[in-house]
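What follows is a set of notes on a single structure, which appears directly below.
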Amino acid sequence: MKHNTVSAIINLVEPWESLEPLTTERPVGTLPFGGRYRLIDFPLSSIANAGIRNVMITSPRSGRSVSDHLRSGNDWNLDTIRGGLFNFPYNDLSLVSPEKRDNLIHHYYDNTILFLKRSNSEYSVIMGTRNICNIDLSALLRYHQERDNPVTTVYKSIEADDIEPDTTVLQVTDNGMATAIVPASNTNVSPTDNGKLAKSLNIYLMSTVDLIDILKEANMRGDLISLERLMLQAVIQHNANAFEYTGFYANIHDIKSYYDASMSVLSEDNFRALFYSQRRIYTKVKNEIPTFFAKSSQVKGSLCGTGGYIEGKIDHSVIFRNVFINRNTEIADSVIMQGTRIGAGTTIENAVIDKNVVIGPNLKLKGTPDNPLVIGKGKRIFRQTEVTND
Amino acid sequence: MKHNTVSAIINLVEPWESLEPLTTERPVGTLPFGGRYRLIDFPLSSIANAGIRNVMITSPRSGRSVSDHLRSGNDWNLDTIRGGLFNFPYNDLSLVSPEKRDNLIHHYYDNTILFLKRSNSEYSVIMGTRNICNIDLSALLRYHQERDNPVTTVYKSIEADDIEPDTTVLQVTDNGMATAIVPASNTNVSPTDNGKLAKSLNIYLMSTVDLIDILKEANMRGDLISLERLMLQAVIQHNANAFEYTGFYANIHDIKSYYDASMSVLSEDNFRALFYSQRRIYTKVKNEIPTFFAKSSQVKGSLCGTGGYIEGKIDHSVIFRNVFINRNTEIADSVIMQGTRIGAGTTIENAVIDKNVVIGPNLKLKGTPDNPLVIGKGKRIFRQTEVTND
Amino acid sequence: MNENDEMLAIILAGGQGSRLGKLTKSTAKPAIPFGGRYRIIDFTLSNCANSGIDTVGVITQYQPLELNAHIGNGSSWGLDDQNGGVTVLQPFSSTEGEKFFEGTAHAIYQNIEYIDQQNPEYLLVLSGDHIYKMDYRKMLEYHKAKKASLTVGVIPVTTEEAKRFGMMNTDETDRIIEFEEKPEHPKSNKASMGIYIFNWPTLRNYLTTSFSTNKKLEDFGKNVIPMYLANNESTYAYSFEGYWRDVGTIHSLWQANMEFLSPHNSLNIGDHNWRINSKAQVLPPMFLTNTSNVNNSMIVDSCYVSGEIDHSILSQRVSVGSGSKVVDSMIMPGATIGKNAVVDHALIGEEAVIGDDAVVKGTTDDIAVVGYGEVLGVKKS
Amino acid sequence: MNENDEMLAIILAGGQGSRLGKLTKSTAKPAIPFGGRYRIIDFTLSNCANSGIDTVGVITQYQPLELNAHIGNGSSWGLDDQNGGVTVLQPFSSTEGEKFFEGTAHAIYQNIEYIDQQNPEYLLVLSGDHIYKMDYRKMLEYHKAKKASLTVGVIPVTTEEAKRFGMMNTDETDRIIEFEEKPEHPKSNKASMGIYIFNWPTLRNYLTTSFSTNKKLEDFGKNVIPMYLANNESTYAYSFEGYWRDVGTIHSLWQANMEFLSPHNSLNIGDHNWRINSKAQVLPPMFLTNTSNVNNSMIVDSCYVSGEIDHSILSQRVSVGSGSKVVDSMIMPGATIGKNAVVDHALIGEEAVIGDDAVVKGTTDDIAVVGYGEVLGVKKS
């Protein structure tokens, strides 16, 4: 075991139903975000920036989108002989038929335990992907090492009024220890004096030996529960150090929160906090040509990816790579993902358009800030009647 | 589509039952062979040597052994931006529960079709792993291009007397066309004048467009049959050019054939034909230290991998990497796989010892050439009573 | 090389490119940024990869740090084949002394050991400083069909342009019968593109003989081609018809960038069947603020635009402050332009800083240049 | 470098190593094969990787082709980090002229641009030609604890050996108070291992000042350490206790190989916690025929052995015919030994050919050497 080394597990088995249709064909972790990224890029970049080289991904299903995006892990410095990226699919227990569960019990935790043993690491960090942040995991490790509790978990201070009832918060003691992670609606949790709650970021650091023990015990009990629930149990059983994260943060749990997070990055302060900190965000490298802005284009307050061809008017929107925006279009307060084409004369407002969509000419697509219009991946829309505007 | 480019599919869904216990935890394709290789290395090397850069692997189960061995494909030149290695697990239809089959019908061929379309290749070659050969696929392509039939398949001429009844042979017409692939016991197949049969090597070359059509038709019919059976059907339906392979060949279908093939490589002619042709055999790169031969060692007529420590006597055997042979041992006519340790004073004869086995001191392990003794992966044997010698 | 390969490519990337003035003070010409996302050598490297050439030697000598870091292990172009890939060849010393490269042919001679290791049948010699797309396989087929000893790539030029090029005069079979360097009265319109296919054993023989006898074949144009013609080696011209630009001067570099801006440029950079690749970098998307105004321009990753951009190219990490105006210019990576500045008909070097209210104004005939890292008009506080 | 890194390693691999005679005629010393599976520089590169150093510059100059191909993109050692990795630094030219390297410190000075790009706090300077395992992190911790400006790695030697080394005389706090090159009467047993940790800004300042004023600090031992001592820079000795060998002569190279053969060698090559890696190559397993007889020897992939091997090392692709006897020797990759030949107390170079019945016989005091590719005793047919 090498001194101070850390291995990481990114858990892609996360609730996805409220994000449909964006998550119909992908786990939450590969949801595109911020003009060229996927949600998994944020934890993976934190991991890469902390010099962590052993990473395991637990995927719910086969997930072509996961392996297509990650490939060998090279884009996150994870394919050197000093470590590697290990992708283990089929970890969604809800998909296992009841009669097969018994057979699975003794295999379910095996991959994880084997990965941890081979990693030869002293500590392990477990992260999800639906809390976007750019965290310094080296600082988290130092914080953990300076304290006594076996587990350290992470929170962001949020105004109690801003929190949605179905998200989870840490129950923090006066001396800064987390004793549980509970829904914000839980009556045991009250805001601090300054009216803030400790929103859980679903990040856990502990010694690898302890994590292996937790997995082995669950295995012996025959519990087929998810890694995320196992971590919640660990916090309750062992108490945890509560580490405060203070940088950019957004939680993605439904369409509106995804839309709001996308729009929030258009604020220059947030944009710089997330993308221009000392810790860079890495993603799959793409070789695109420059984006061409035609004479007729008018783009204001927006993010754009490369490879695009822009003739129309764009205001306060996130435009991904390889997007084609025809003349006389007007796009406002929207997210247009990679490879999508918008026909001439079409107006789009408060909308999220997934990848490789084709929108015909002279249409009107209109959502509201509270209920953004969503067009699913690969859709072709040529008639106004195909769209239900708000 | 680029001129003359070829993509390849290696099918790891192959019969494995007769090779137990060697195949209990691995598909036939990752069976160790020849001191440092796995069976899949032979087709993969033929592919790499022909400059093919797009390869798909269809695996029966999750198969940690497959992804551990292949990693990014770098060892076979398959991780450049000009192509890639795509590993699709869970293709063993016998493992799918009947009630899920209906749902699967429209997805089963999707991965393969998507791979073929993205590969942008003009031709596709389909290979298995249980026929060891070192074939020039460029020559196969030229042969195919010079002829009219849509499919080309490959055979090795074998003495009719040497063939086992349960293997398959090509039914070849007078003008050199294969009209079917049938069991050797089939009464329609008779040896040629010189008493030879055309043993099928289970290799198929055709245009990618044709292969996509075959897959789409099977999809539409709702056939959930394996790729291998689909190829047999293609030969019957379309007729096939029959290409003769003349190099080293061995077929692995049960323990005895595996043992015989291993021993056959100890003949210097076979060894050179397989490993020192112009077409090199690639495998996963390992950084091992040199093998140390102690003063007491006596090694004759054997292959050895690196990283070993040899004190005993070895005759006519295949010794893999990292094997530890204690003093006063006598090993003859055997295969000892990677990481295995043999205790002092132990005698081993006509045996196949799988990976990471520990054999205690002063034991006698003895099989016969017709019925080799097999010790499964990771076994620990310290008492004579644990072994059933012939 | 792989067993099926018969041609090795050598890219001559060692020249200083002194006609590019300040731009090549601290970097080699092939490493100069082009078109917002590329460096000049990307075109030649991508042509090699797209032509199925797996093994490429890049001969560098002058300020190679940036170029070498750009090339890396060649993986950005798929040139990281285990049996081949890119090898950077730089000066070295041996028991025979220090081996600097005195000319194009001399550079080949000094690296004979590397070429012998690859053991090619044909040697493709390329320049690292031209903007074009070309399938070298077709030229090799032509070379074989003509049973040539040397084939020279040529491009048609006007009589006026011909006076600045090495011109190939051919017979009706395209065999080269005469070579004229910068002729006053051109006899043909076939200008050498600096692209050669040699039968390697023949060239090797000429080079070793000449350098051992002191009749030094230092340069391909000045020495080798004349000797081939004198010795009656079968030397042919291969005509190329597509877009091709030598970007060896400030004006031609600017001009080619402006042509690159046109959606109708015959270079067709967006063609997926002949991709031009470059070193992969992950940077945040471009950010266009509420005061930006972009027309007829190309912008790439990680640019920050608050000002007006008209018919210009911004490379990676370029920042343009509000009230500034960039017209008919090419801004290289990392350059920062402050507020209310004017940049017009200019090439701005990497990491240059143009202060608030500064004016950099050239004309079509006299393009303004700001050097790498140069700081201009920044007021001291 | 990565943001958390503070130390850059530079490996000086440019020397000819002329005391190795024929062995370094066509290759650089750090590329010489060692121990059957390694090249000398593997030890230093592996030490860097195992010490958590991500960014390594390798300065080469003399016959670098084999060395550069061996190093590649550094992936064999895990030194292919996106923000770091191995960079090979070779002579180049700039507007200031041609930059060959005149000495160890001068080589650092000539590559100041590369080092500045990495912007390290500490510079670790290493030789590429020593066999040892060392955790440079511990030396850096010592350097920081001592608040040193320069820390020199030292190893205890006998008084006799001391006459051949640069010796560090220290006070009771291990501060170096005097440096003597090859002293007739050594005052200490602390020999310099040629391993230095410098505070980079300080060294940079000394180098740029000295080269701009013509007081040239060309060599670390001859010039830099004396100047540091003269200027009262805090310079400390860091004592290393493990196995360490300078393999700069034929005899020491042979000796270290023979020591490597012992299962009790304190180098402990099999230790999984400090792996020595080398360029990965896939070759068939070794084949030992019915007439082979191997004792006390190390053999690797792709060897073919029909003869007798006694207390010797065979590297990759070595072939020994029947009736031949190899004793107390180290055979480098690709060498072929025919039938009934004798090789005794010898170093056989790469790809050498020893004919049938030939005898290559040295003694402990006078090791026989056959050069790279040399052909010996092959009868003409």
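Convention: chains lettered A, B, ... in structure tokens order; per-chain residue numbering from 1; ligands numbered from 1 as shown.
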Contacts of region 7-20 of chain C within 9 Å, only C-alpha atoms, excl. fewer than 5 positions in-chain, as a PyMOL selection string: (chain C and resi 1+25+27-31+41+44-45+48+53-64+67+90+101+104+107-108+115+118-129+140+197+247-251+253) or (chain D and resi 93-95)
Within 10 Å of chain C: residues of chain B, using only C-alpha atoms, as an mmCIF file with N, CA and C atoms, in the first residue's frame:
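So the final result, stored in part.cif, reads:
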```cif
data_model
loop_
_atom_site.group_PDB
_atom_site.id
_atom_site.type_symbol
_atom_site.label_atom_id
_atom_site.label_comp_id
_atom_site.auth_asym_id
_atom_site.auth_seq_id
_atom_site.Cartn_x
_atom_site.Cartn_y
_atom_site.Cartn_z
ATOM 1 N N MET B 1 -16.973 5.431 -47.263
ATOM 2 C CA MET B 1 -16.330 4.125 -47.215
ATOM 3 C C MET B 1 -14.971 4.194 -47.894
ATOM 4 N N LYS B 2 -13.985 3.682 -47.212
ATOM 5 C CA LYS B 2 -12.656 3.770 -47.789
ATOM 6 C C LYS B 2 -12.296 2.506 -48.529
ATOM 7 N N ALA B 48 -4.182 -7.352 -36.646
ATOM 8 C CA ALA B 48 -3.231 -6.241 -36.540
ATOM 9 C C ALA B 48 -2.234 -6.292 -37.686
ATOM 10 N N ASN B 49 -1.754 -7.479 -38.022
ATOM 11 C CA ASN B 49 -0.751 -7.605 -39.070
ATOM 12 C C ASN B 49 -1.295 -7.254 -40.449
ATOM 13 N N ALA B 50 -2.616 -7.354 -40.611
ATOM 14 C CA ALA B 50 -3.212 -6.967 -41.894
ATOM 15 C C ALA B 50 -3.555 -5.483 -41.911
ATOM 16 N N GLY B 51 -3.173 -4.763 -40.847
ATOM 17 C CA GLY B 51 -3.437 -3.327 -40.812
ATOM 18 C C GLY B 51 -4.884 -2.983 -40.523
ATOM 19 N N ASN B 74 -4.196 -1.275 -27.200
ATOM 20 C CA ASN B 74 -2.914 -0.692 -27.583
ATOM 21 C C ASN B 74 -1.883 -1.748 -27.988
ATOM 22 N N ASP B 75 -1.910 -2.898 -27.316
ATOM 23 C CA ASP B 75 -0.911 -3.935 -27.608
ATOM 24 C C ASP B 75 -1.081 -4.537 -28.997
ATOM 25 N N TRP B 76 -2.226 -4.301 -29.601
ATOM 26 C CA TRP B 76 -2.440 -4.779 -30.973
ATOM 27 C C TRP B 76 -2.626 -3.585 -31.914
ATOM 28 N N ASN B 77 -2.114 -2.430 -31.518
ATOM 29 C CA ASN B 77 -2.197 -1.251 -32.379
ATOM 30 C C ASN B 77 -3.619 -0.792 -32.618
ATOM 31 N N LEU B 78 -4.506 -1.040 -31.671
ATOM 32 C CA LEU B 78 -5.917 -0.768 -31.933
ATOM 33 C C LEU B 78 -6.455 0.428 -31.164
ATOM 34 N N ASP B 79 -5.594 1.270 -30.586
ATOM 35 C CA ASP B 79 -6.178 2.434 -29.921
ATOM 36 C C ASP B 79 -5.762 3.759 -30.534
ATOM 37 N N THR B 80 -5.542 3.767 -31.848
ATOM 38 C CA THR B 80 -5.247 5.048 -32.487
ATOM 39 C C THR B 80 -6.562 5.708 -32.919
ATOM 40 N N ILE B 81 -6.480 6.991 -33.255
ATOM 41 C CA ILE B 81 -7.707 7.675 -33.679
ATOM 42 C C ILE B 81 -8.199 7.154 -35.022
ATOM 43 N N ARG B 82 -7.380 6.309 -35.676
ATOM 44 C CA ARG B 82 -7.848 5.768 -36.955
ATOM 45 C C ARG B 82 -8.727 4.530 -36.774
ATOM 46 N N GLY B 83 -9.008 4.129 -35.552
ATOM 47 C CA GLY B 83 -9.857 2.965 -35.362
ATOM 48 C C GLY B 83 -10.069 2.717 -33.900
ATOM 49 N N SER B 138 -4.540 -10.249 -45.513
ATOM 50 C CA SER B 138 -4.429 -9.479 -46.760
ATOM 51 C C SER B 138 -4.531 -10.414 -47.955
ATOM 52 N N GLN B 278 6.732 -14.091 -40.676
ATOM 53 C CA GLN B 278 6.786 -12.638 -40.887
ATOM 54 C C GLN B 278 5.715 -11.933 -40.087
ATOM 55 N N ARG B 279 4.630 -12.656 -39.811
ATOM 56 C CA ARG B 279 3.519 -12.055 -39.077
ATOM 57 C C ARG B 279 3.666 -12.385 -37.599
#
```
Region 229-234 of chain B environment, 8 Å, only C-alpha atoms, sequence neighbours closer than 5 positions dropped, as a list in words: Val151, Ala180, Ile181, Tyr204, Ile214 and Asn239 of chain B
Secondary structure check, strand (DSSP E) residues of region 332-361 of chain D, as a PyMOL selection string: chain D and resi 336-337+342-344+346-348+353-354+359-361
For Thr158 (chain D): contacts at 10 Å, only C-alpha atoms, fewer than 5 positions along chain excluded, given as a VMD selection string: chain D and resid 163 186 188 to 191
